[in-house]
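Student: Structure below; questions to follow.
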Amino acid sequence: MMPYGVRREAFVTAALLHDLGHVLGFEALEAPQMEGCGTSRHEAWGARFLSELRFAKEVAWLVGAHVDAKRYLCFKDEAYHASLSAASRTTLRHQGGPMDAHEAAKFERTGLADAALALRRCDEAAKAPLYLAPGEADTPEAAMQAFSRYGRTAQQFVLDPASASDCGTWQLSPLQRRKYLRQGFLVVENFFDDDEAAELSSFVEVMRGWEVHADPARQYLVHYERVKGCNAPVGANGAVVPAGHGVLMRVENAVSAAPDSPLARAALGSVAAAVGELFAEVETARAARKDGCDGTYCALCCDGDDEVGPPTANRAPPAHLFKDKVNYKQ
């Protein structure tokens, strides 16, 4: 335990992840807000996502409270207020400014207020270039080793082992799901890790050699298109494609043809799970709108920029694959 009433591992993890909400904004390809200084309500978005990932409650609470801690310190400590960086002063204006006396008294009554204030002090200290905690590390390299050690500590002690397995290897953030609700599609960058991406790329290259065929039992379809100036009959299944006279455009239904391939594992695994999350979000949003908007899913009926809503309690079942297609067009 620490003097602030939280486990040391939880405090360190919250310190490492307190600005996670900004990262979620970048990941969701949101335009910078707060005059270009980051994601609005980043503390709440980060806390909600950590709760959905089954992090310990005190970790999510501390992440969600670090902006209020800043506002409290600005109310209580004029020197602290004056020491804020230009960017921090800008975001403070968008975060409600310094607390008033009523807000400060309410904050003081929260059980982990001292921990939140200590985390905020750590946040400010860490803004110094190459700041090294006394006794923790003597060089930047040693500091990075300490950072890695804390990362392992977070994984070992803070995630709930009983439920962490439900999270899978990828979970869409609430900001990504909100973006899908608003625009009807979602672009996800870096969805696959390096090993998965390499496996998929290799298999896609193998598919270039698949033959055009007329046998329905083969299931997949290879589609070529004419090369400009070439009169040779090239096309889809059943057509003979003379060497050098056609350009491969796409392969369809490869998952059924190669059920043990990296493509099939991805399509029926992590991709289907992520799409299932989006479908479930739509249904939840529709139900909330039908029952009367409470701010949780405002994306469907009003602006909702400042509404974060509670964590999603349950993971959605995977979606069913209707069709797969690999495009080779460039």
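Chain labels run A, B, ... following the order of the structure tokens; each chain numbers its residues from 1, and ligands are numbered from 1 in the order shown.
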As a VMD selection string, list the residues of range 63-114 of chain A assigned to alpha helix (DSSP H) by DSSP on the backbone atoms of this structure.
Tutor: chain A and resid 63 to 76 78 to 83 86 to 94 101 to 108 113 to 114
Student: Can you measure CA of Tyr224 in chain A to CA of Asn190 in chain A for me? One decimal in Å is fine.
Tutor: 29.1 Å
Student: Quick one: residues within 9 Å of Gly21 in chain A, only C-alpha atoms counted, chain neighbours fewer than 6 positions away excluded, as a list in words?
Tutor: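 Final neighbour list, sorted by chain and number: Gly38, Thr39, Ser40, Arg41, His42, Glu43, Ala44, Trp45, Gly46, Ala47, Phe49 and Leu175 of chain A.
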Student: So which residues touch range 120-123 of chain A within 10 Å, counting only C-alpha atoms, skipping near sequence neighbours fewer than 2 positions away, as a PDB file with C-alpha atoms, in the first residue's frame?
Tutor:
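Output file selection.pdb is given in full below:
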```pdb
ATOM      1  CA  VAL A  12       2.131   3.461 -11.007  1.00  0.00           C
ATOM      2  CA  ALA A  15       0.472   7.368 -13.738  1.00  0.00           C
ATOM      3  CA  LEU A  16       1.606   5.561 -16.882  1.00  0.00           C
ATOM      4  CA  HIS A  18      -3.372   8.826 -17.212  1.00  0.00           C
ATOM      5  CA  ASP A  19      -3.311  10.441 -20.685  1.00  0.00           C
ATOM      6  CA  LEU A  62      -7.262   7.891 -10.714  1.00  0.00           C
ATOM      7  CA  VAL A  63      -7.066   8.306 -14.492  1.00  0.00           C
ATOM      8  CA  ALA A  65      -9.621  12.205 -11.599  1.00  0.00           C
ATOM      9  CA  HIS A  66      -6.318  13.634 -12.787  1.00  0.00           C
ATOM     10  CA  VAL A  67      -7.947  16.643 -14.488  1.00  0.00           C
ATOM     11  CA  ASP A  68     -10.046  17.419 -11.410  1.00  0.00           C
ATOM     12  CA  ALA A  69      -6.829  17.210  -9.369  1.00  0.00           C
ATOM     13  CA  LYS A  70      -5.321  19.859 -11.639  1.00  0.00           C
ATOM     14  CA  LEU A  73      -4.609  22.513  -7.218  1.00  0.00           C
ATOM     15  CA  TYR A  80       0.961  25.719  -8.934  1.00  0.00           C
ATOM     16  CA  ASP A 114      -4.772  12.506  -1.909  1.00  0.00           C
ATOM     17  CA  ALA A 115      -3.742   9.832  -4.408  1.00  0.00           C
ATOM     18  CA  ALA A 116      -5.140  11.883  -7.292  1.00  0.00           C
ATOM     19  CA  LEU A 117      -3.215  14.958  -6.131  1.00  0.00           C
ATOM     20  CA  ALA A 118      -0.007  12.948  -5.788  1.00  0.00           C
ATOM     21  CA  ALA A 125       7.329  16.529 -12.618  1.00  0.00           C
ATOM     22  CA  ALA A 126       7.453  14.136 -15.570  1.00  0.00           C
ATOM     23  CA  LYS A 127       7.049  17.020 -18.018  1.00  0.00           C
ATOM     24  CA  ALA A 128      10.657  18.033 -17.380  1.00  0.00           C
ATOM     25  CA  ALA A 133      13.249  10.121 -10.197  1.00  0.00           C
TER      26      ALA A 133
END
```
Student: For the atom pair CA of Ala254 in chain A and CA of Tyr220 in chain A, what is the interatomic distance in Å to one decimal place?
Tutor: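 Going from CA of Ala254 in chain A over to CA of Tyr220 in chain A covers 5.4 Å.
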